[in-house]
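Inspection log for the structure reproduced underneath, given as structure tokens.
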Amino acid sequence: MIPKTRNSQAVWYLFLLPSLLGIILFMLYPVFESFRLSFFSSNGTIEKYVGLSNYKFILSLDVFWKAVFNTFYIAFFQLLITIPIGFVIACAINNIKWGKNLFKVLFYIPNVTSVVAAAMVFMFVLHPQGLLNNFFGIFGMSVAWLSKPNSARWAAIIFGSWQSIGFIIIIALANLQAIPVDYYEAATIDGSSKLQSFRHITIPLMKGTFSFFIVMGWINGLQRFTDVYILGGLQGSPARSLHTLVGFIFERGFGGYEFGIASAASYILLFLILFFTYLNVRTTEMKI
Amino acid sequence: MRDAKRGKKKIVPFDILAFFILLILGIIMIIPFVWMTVVSFERYANIQPPFPPSFKIRNPSLFNFKLAFENGYILRAYFNSFIVSASSVVVCLISSTLAGYAFSKGRFKGKKLLFYLILATLMIPLETRLIPMYMMFNKINMVNSFLPLILPYMIEGFQIMLSKQFFDHLPDSLREAAYIDGSGEFRTFFNIFLPLTGPITATMCILTFMASWNSFLWPLVMLTGAKSRTVPILMAYYSFTGEGGTRWAGLTMSVAFLGVIPVIVVFLFLQKYIIRSIALSGLKGE
């Protein structure tokens, strides 16, 4: 055994020095400073204590509630689309005999490219005469995606689903492959049909994966910014329909230099993320 | 035996059907990029909007790329992005392997508390820290420099956990043998443990490089000058020039092409490792 002396303890703090420095500079300090700022009116140079009025002001703003609504709406429908479809595609890839790698690559490509570039391409895909309407044209549909609030939100949902489904597929596939083949063989010997095996072996064993998707999906969804910023600009046009919580923080903080208000909004975001993570972990019985 | 054979034969038509459905879906996934490529090579795409979409290049030309390269912004952005991402990888690797090793093998006061602190950082979004971090770097005149983009990678909770788990699997006896030979903790770490971390280091490099290369919000806040733009920031700049609907399709698409294609090429070469790394980030119990 290696003796434990005062000196041998000290060396570990040296190992942790970069991380500790990082925690202090980029975690503890900003978190507390942000909290302090949320009670001040500040433009970066002049500060004035205003108590809770930043929070009161934000909660009284229509634009803020619109941003909350958009954030939740887009996140919810994106998860509703990507998790089941991604899971089914993962099952299909898992079961086919050839081309597993090809499909992994094909479905993952949108996720590996930067959201900015992909969203730029989608500006044209979503054009009234663009690719998407060409495709919907087969069914006699034509939507002015980025010019009406509701269809703009759905444009963001379609973009987000296209971009993120590869992640769901890769993770679901990895977890499907981690299920021992013996389970299925044993079930088959006991006379279980494929569907029964799927229902009673695959689904229960994938529960943890689904919880992971829901928990992570909400955390990422609440932080949505990049794609809606490219598609809708600083204000989340049209009619603020692509304005999200982070968009609100960014606009207030770096469009208007209202750092106090932005900090208060960022604390509301933190609270929402912690609350939803807690809720999702509880309801999905995720094991951490 | 015969049953198994019959079972296999039965599946074949279903297999072919599944294959083709997947193939169609897979092609739908990449069609936007195919179209992007077509438009970016189309000579008159800037004055003739590329609608309705066509997958034939009528007047193939490199004109759009010439436009994109003309002011030299793109090469500069590639250079910047590469410097930032590579440095972030180095910073993250040093910090995470050291911390992971300490949490795995070390015995010291406050170990549990510090580890929980690291786990807690996973829950705190960047947005909550954004404004103080900006003000902090602004105060010391570091806006438009790369250090603010690189240094925060000192603290990556997930990577620290990943490396701790890796070191947990390496036997303590290695350390004890080195200790008996008179090796100090740092020498043991650098000479014995670090060389064994190959697989996990590759994963950490890939995840960090991709995160840094694609990161947007924090660079958007920190980089305001034309010379310091990274690739995503430059692309966003292009996507906002040109008014509303009358964007220059050819130029925009060729810039998007230059942003997307190198990443896809690297991905195709490293797909096995990248996909494995991504999968690792979402496996149960990880």
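Simple scheme: letters A, B, ... for chains in structure tokens order, numbers from 1 for residues in each chain, numbers from 1 for ligands in the order shown.
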
Near region 164-175 of chain A, counting only C-alpha atoms, which residues have an atom at most 6 Å away, once you skip same-chain residues fewer than 6 positions from it, shown as a list in words? Thr82, Gly86, Ala90, Phe107, Tyr108 and Asn111 of chain A; Ala279 and Gly282 of chain B

Write the residues of the selection above to a file with C-alpha atoms, as a short mmCIF file (atom, residue, chain, number, x, y, z; two decimals), in the first residue's frame.
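Printed below is out-v5.cif as written:
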data_model
loop_
_atom_site.label_atom_id
_atom_site.label_comp_id
_atom_site.auth_asym_id
_atom_site.auth_seq_id
_atom_site.Cartn_x
_atom_site.Cartn_y
_atom_site.Cartn_z
CA THR A 82 -37.61 12.11 -33.25
CA GLY A 86 -35.48 7.40 -34.50
CA ALA A 90 -32.60 2.14 -35.21
CA PHE A 107 -28.55 9.33 -40.90
CA TYR A 108 -25.79 10.86 -38.85
CA ASN A 111 -25.95 15.88 -37.02
CA ALA B 279 -22.57 6.23 -28.81
CA GLY B 282 -25.20 8.11 -24.53
#

Between chain A and chain B, at 6 Å or less, what are the per-residue closest atom pairs and their distances in Å? Count only C-alpha atoms, order by chain and rising residue number, and return it as a tab-separated table.
residue	atom	partner	partner_atom	distance
A:Gln9	CA	B:Phe108	CA	5.1
A:Trp12	CA	B:Ala102	CA	5.8
A:Phe15	CA	B:Leu98	CA	5.2
A:Leu16	CA	B:Ala99	CA	5.0
A:Pro18	CA	B:Ser95	CA	5.4
A:Ser19	CA	B:Ile155	CA	5.4
A:Gly22	CA	B:Ile155	CA	5.2
A:Pro30	CA	B:Arg129	CA	4.9
A:Val31	CA	B:Arg129	CA	5.6
A:Ser34	CA	B:Pro132	CA	5.9
A:Ile96	CA	B:Asp15	CA	6.0
A:Leu106	CA	B:Gly26	CA	5.4
A:Phe107	CA	B:Gly26	CA	5.8
A:Thr113	CA	B:Val260	CA	5.7
A:Ser114	CA	B:Asn214	CA	5.1
A:Val116	CA	B:Pro232	CA	5.9
A:Ala117	CA	B:Ala256	CA	5.1
A:Gln129	CA	B:Pro52	CA	5.7
A:Ile171	CA	B:Ala279	CA	5.0
A:Ala174	CA	B:Ala279	CA	6.0
A:Ser266	CA	B:Thr128	CA	4.7

Can those selected residues be exported to a file as a PDB file, in the first residue's frame so that it contains N, CA and C atoms?
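Output (selection.pdb):
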ATOM      1  N   GLN A   9      -1.124  13.747  -0.046  1.00  0.00           N
ATOM      2  CA  GLN A   9      -2.452  14.285  -0.327  1.00  0.00           C
ATOM      3  C   GLN A   9      -2.362  15.541  -1.174  1.00  0.00           C
ATOM      4  N   TRP A  12      -2.426  15.610  -5.061  1.00  0.00           N
ATOM      5  CA  TRP A  12      -3.673  15.440  -5.818  1.00  0.00           C
ATOM      6  C   TRP A  12      -4.323  16.778  -6.148  1.00  0.00           C
ATOM      7  N   PHE A  15      -2.927  17.878  -9.275  1.00  0.00           N
ATOM      8  CA  PHE A  15      -3.580  17.218 -10.412  1.00  0.00           C
ATOM      9  C   PHE A  15      -4.879  17.948 -10.773  1.00  0.00           C
ATOM     10  N   LEU A  16      -5.564  18.402  -9.727  1.00  0.00           N
ATOM     11  CA  LEU A  16      -6.873  19.012  -9.954  1.00  0.00           C
ATOM     12  C   LEU A  16      -6.806  20.504 -10.243  1.00  0.00           C
ATOM     13  N   PRO A  18      -5.924  22.514 -12.810  1.00  0.00           N
ATOM     14  CA  PRO A  18      -6.613  23.109 -13.970  1.00  0.00           C
ATOM     15  C   PRO A  18      -8.130  23.051 -13.832  1.00  0.00           C
ATOM     16  N   SER A  19      -8.658  21.921 -13.351  1.00  0.00           N
ATOM     17  CA  SER A  19     -10.109  21.810 -13.218  1.00  0.00           C
ATOM     18  C   SER A  19     -10.635  22.783 -12.181  1.00  0.00           C
ATOM     19  N   GLY A  22     -10.718  26.145 -13.558  1.00  0.00           N
ATOM     20  CA  GLY A  22     -11.841  26.231 -14.485  1.00  0.00           C
ATOM     21  C   GLY A  22     -13.159  26.368 -13.751  1.00  0.00           C
ATOM     22  N   PRO A  30     -19.129  32.937 -12.442  1.00  0.00           N
ATOM     23  CA  PRO A  30     -20.229  33.413 -13.296  1.00  0.00           C
ATOM     24  C   PRO A  30     -21.608  33.101 -12.747  1.00  0.00           C
ATOM     25  N   VAL A  31     -21.748  31.936 -12.099  1.00  0.00           N
ATOM     26  CA  VAL A  31     -23.068  31.571 -11.592  1.00  0.00           C
ATOM     27  C   VAL A  31     -23.501  32.540 -10.495  1.00  0.00           C
ATOM     28  N   SER A  34     -23.891  36.166 -11.968  1.00  0.00           N
ATOM     29  CA  SER A  34     -25.122  36.266 -12.735  1.00  0.00           C
ATOM     30  C   SER A  34     -26.315  36.449 -11.795  1.00  0.00           C
ATOM     31  N   ILE A  96     -31.404  -5.347 -40.192  1.00  0.00           N
ATOM     32  CA  ILE A  96     -31.058  -5.690 -41.572  1.00  0.00           C
ATOM     33  C   ILE A  96     -29.699  -6.374 -41.623  1.00  0.00           C
ATOM     34  N   LEU A 106     -25.336   7.722 -43.190  1.00  0.00           N
ATOM     35  CA  LEU A 106     -26.329   8.560 -43.866  1.00  0.00           C
ATOM     36  C   LEU A 106     -27.171   9.345 -42.865  1.00  0.00           C
ATOM     37  N   PHE A 107     -27.664   8.645 -41.840  1.00  0.00           N
ATOM     38  CA  PHE A 107     -28.553   9.327 -40.903  1.00  0.00           C
ATOM     39  C   PHE A 107     -27.796  10.264 -39.979  1.00  0.00           C
ATOM     40  N   THR A 113     -22.696  17.944 -39.089  1.00  0.00           N
ATOM     41  CA  THR A 113     -22.407  19.264 -39.658  1.00  0.00           C
ATOM     42  C   THR A 113     -22.890  20.351 -38.706  1.00  0.00           C
ATOM     43  N   SER A 114     -22.318  21.538 -38.844  1.00  0.00           N
ATOM     44  CA  SER A 114     -22.669  22.578 -37.891  1.00  0.00           C
ATOM     45  C   SER A 114     -24.097  23.050 -38.142  1.00  0.00           C
ATOM     46  N   VAL A 116     -25.282  25.919 -37.947  1.00  0.00           N
ATOM     47  CA  VAL A 116     -25.342  27.146 -38.725  1.00  0.00           C
ATOM     48  C   VAL A 116     -25.400  26.838 -40.219  1.00  0.00           C
ATOM     49  N   ALA A 117     -24.474  25.991 -40.692  1.00  0.00           N
ATOM     50  CA  ALA A 117     -24.433  25.669 -42.115  1.00  0.00           C
ATOM     51  C   ALA A 117     -25.708  24.967 -42.540  1.00  0.00           C
ATOM     52  N   GLN A 129     -40.764  27.982 -52.821  1.00  0.00           N
ATOM     53  CA  GLN A 129     -40.593  27.081 -53.972  1.00  0.00           C
ATOM     54  C   GLN A 129     -39.447  26.101 -53.747  1.00  0.00           C
ATOM     55  N   ILE A 171     -27.470   6.392 -30.770  1.00  0.00           N
ATOM     56  CA  ILE A 171     -27.506   5.985 -29.359  1.00  0.00           C
ATOM     57  C   ILE A 171     -28.449   4.796 -29.176  1.00  0.00           C
ATOM     58  N   ALA A 174     -26.748   1.689 -30.457  1.00  0.00           N
ATOM     59  CA  ALA A 174     -25.704   1.189 -29.560  1.00  0.00           C
ATOM     60  C   ALA A 174     -26.325   0.442 -28.390  1.00  0.00           C
ATOM     61  N   SER A 266     -31.699  34.531 -17.535  1.00  0.00           N
ATOM     62  CA  SER A 266     -30.869  33.330 -17.561  1.00  0.00           C
ATOM     63  C   SER A 266     -31.080  32.509 -16.292  1.00  0.00           C
TER      64      SER A 266
END

Write out as JSON, numbers by chain all residues of region 69-177 of chain B that backbone DSSP assigns to helix (DSSP H, G or I). {"B": [69, 70, 73, 74, 75, 76, 77, 78, 79, 80, 81, 82, 83, 84, 85, 86, 87, 88, 89, 90, 91, 92, 93, 94, 95, 96, 97, 98, 99, 100, 101, 102, 103, 104, 105, 111, 112, 113, 114, 115, 116, 117, 118, 119, 120, 121, 126, 127, 128, 129, 130, 131, 132, 133, 134, 135, 136, 137, 138, 139, 147, 148, 149, 150, 151, 152, 153, 154, 157, 158, 159, 160, 161, 162, 163, 164, 165, 166, 167, 168, 169, 173, 174, 175, 176, 177]}

Given the selection you just returned, output its residues as a file containing C-alpha atoms, formatted as an mmCIF file, in the first residue's frame.
data_model
loop_
_atom_site.group_PDB
_atom_site.id
_atom_site.type_symbol
_atom_site.label_atom_id
_atom_site.label_comp_id
_atom_site.auth_asym_id
_atom_site.auth_seq_id
_atom_site.Cartn_x
_atom_site.Cartn_y
_atom_site.Cartn_z
ATOM 1 C CA PHE B 69 -12.750 33.149 -51.392
ATOM 2 C CA GLU B 70 -12.266 36.653 -52.773
ATOM 3 C CA TYR B 73 -12.445 35.636 -44.916
ATOM 4 C CA ILE B 74 -12.995 31.940 -45.395
ATOM 5 C CA LEU B 75 -9.405 30.801 -45.201
ATOM 6 C CA ARG B 76 -8.945 33.033 -42.220
ATOM 7 C CA ALA B 77 -12.037 31.493 -40.561
ATOM 8 C CA TYR B 78 -10.771 27.961 -41.207
ATOM 9 C CA PHE B 79 -7.436 28.912 -39.688
ATOM 10 C CA ASN B 80 -9.120 30.495 -36.655
ATOM 11 C CA SER B 81 -11.475 27.575 -36.151
ATOM 12 C CA PHE B 82 -8.623 25.124 -36.380
ATOM 13 C CA ILE B 83 -6.481 26.995 -33.853
ATOM 14 C CA VAL B 84 -9.393 27.321 -31.443
ATOM 15 C CA SER B 85 -10.523 23.702 -31.753
ATOM 16 C CA ALA B 86 -7.053 22.177 -31.553
ATOM 17 C CA SER B 87 -6.151 24.287 -28.522
ATOM 18 C CA SER B 88 -9.452 23.426 -26.879
ATOM 19 C CA VAL B 89 -8.673 19.753 -27.359
ATOM 20 C CA VAL B 90 -5.258 20.174 -25.733
ATOM 21 C CA VAL B 91 -6.643 22.143 -22.795
ATOM 22 C CA CYS B 92 -9.498 19.705 -22.296
ATOM 23 C CA LEU B 93 -7.247 16.641 -22.519
ATOM 24 C CA ILE B 94 -4.722 17.939 -20.005
ATOM 25 C CA SER B 95 -7.318 19.075 -17.533
ATOM 26 C CA SER B 96 -9.652 16.071 -17.843
ATOM 27 C CA THR B 97 -7.049 13.309 -17.705
ATOM 28 C CA LEU B 98 -5.317 14.895 -14.717
ATOM 29 C CA ALA B 99 -8.605 15.357 -12.885
ATOM 30 C CA GLY B 100 -9.920 11.935 -13.871
ATOM 31 C CA TYR B 101 -6.750 10.320 -12.589
ATOM 32 C CA ALA B 102 -6.933 12.208 -9.294
ATOM 33 C CA PHE B 103 -10.581 11.247 -8.782
ATOM 34 C CA SER B 104 -9.872 7.635 -9.641
ATOM 35 C CA LYS B 105 -6.620 6.916 -7.838
ATOM 36 C CA LYS B 111 -12.665 14.350 -2.999
ATOM 37 C CA LYS B 112 -16.380 13.549 -2.881
ATOM 38 C CA LEU B 113 -17.377 17.185 -2.587
ATOM 39 C CA LEU B 114 -15.207 18.208 -5.524
ATOM 40 C CA PHE B 115 -16.538 15.376 -7.644
ATOM 41 C CA TYR B 116 -20.123 16.400 -6.942
ATOM 42 C CA LEU B 117 -19.168 19.949 -7.842
ATOM 43 C CA ILE B 118 -17.926 18.691 -11.207
ATOM 44 C CA LEU B 119 -21.136 16.713 -11.734
ATOM 45 C CA ALA B 120 -23.150 19.816 -10.867
ATOM 46 C CA THR B 121 -21.426 21.728 -13.656
ATOM 47 C CA LEU B 126 -23.689 28.167 -20.629
ATOM 48 C CA GLU B 127 -26.431 30.775 -20.972
ATOM 49 C CA THR B 128 -26.599 31.291 -17.222
ATOM 50 C CA ARG B 129 -22.871 32.069 -17.146
ATOM 51 C CA LEU B 130 -22.745 33.919 -20.438
ATOM 52 C CA ILE B 131 -23.026 37.506 -19.251
ATOM 53 C CA PRO B 132 -20.548 37.443 -16.351
ATOM 54 C CA MET B 133 -18.086 35.530 -18.522
ATOM 55 C CA TYR B 134 -18.441 38.121 -21.261
ATOM 56 C CA MET B 135 -18.029 40.988 -18.799
ATOM 57 C CA MET B 136 -15.022 39.296 -17.204
ATOM 58 C CA PHE B 137 -13.191 38.921 -20.523
ATOM 59 C CA ASN B 138 -14.339 42.317 -21.672
ATOM 60 C CA LYS B 139 -12.793 43.908 -18.575
ATOM 61 C CA LEU B 147 -8.371 32.423 -25.165
ATOM 62 C CA PRO B 148 -11.961 33.013 -23.969
ATOM 63 C CA LEU B 149 -13.103 30.303 -26.382
ATOM 64 C CA ILE B 150 -10.373 27.864 -25.371
ATOM 65 C CA LEU B 151 -9.966 28.191 -21.608
ATOM 66 C CA PRO B 152 -13.508 27.170 -20.591
ATOM 67 C CA TYR B 153 -12.637 23.671 -21.846
ATOM 68 C CA MET B 154 -10.640 23.343 -18.625
ATOM 69 C CA GLY B 157 -17.652 17.466 -16.514
ATOM 70 C CA PHE B 158 -18.483 14.701 -18.940
ATOM 71 C CA GLN B 159 -14.891 14.260 -20.083
ATOM 72 C CA ILE B 160 -13.643 14.155 -16.493
ATOM 73 C CA MET B 161 -16.167 11.422 -15.708
ATOM 74 C CA LEU B 162 -15.167 9.542 -18.827
ATOM 75 C CA SER B 163 -11.484 9.570 -17.928
ATOM 76 C CA LYS B 164 -12.175 8.740 -14.267
ATOM 77 C CA GLN B 165 -14.088 5.652 -15.378
ATOM 78 C CA PHE B 166 -11.241 4.684 -17.651
ATOM 79 C CA PHE B 167 -8.657 4.971 -14.889
ATOM 80 C CA ASP B 168 -10.958 3.019 -12.570
ATOM 81 C CA HIS B 169 -10.485 0.033 -14.862
ATOM 82 C CA SER B 173 -1.007 -2.424 -8.643
ATOM 83 C CA LEU B 174 0.539 -0.429 -11.497
ATOM 84 C CA ARG B 175 0.803 2.540 -9.192
ATOM 85 C CA GLU B 176 2.123 0.548 -6.299
ATOM 86 C CA ALA B 177 4.847 -1.017 -8.430
#

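Proximity ranking of A:Leu270, A:Val215, A:Leu242, A:Val105 relative to Ala155 (chain A) places A:Leu242 first, based on only C-alpha atoms.
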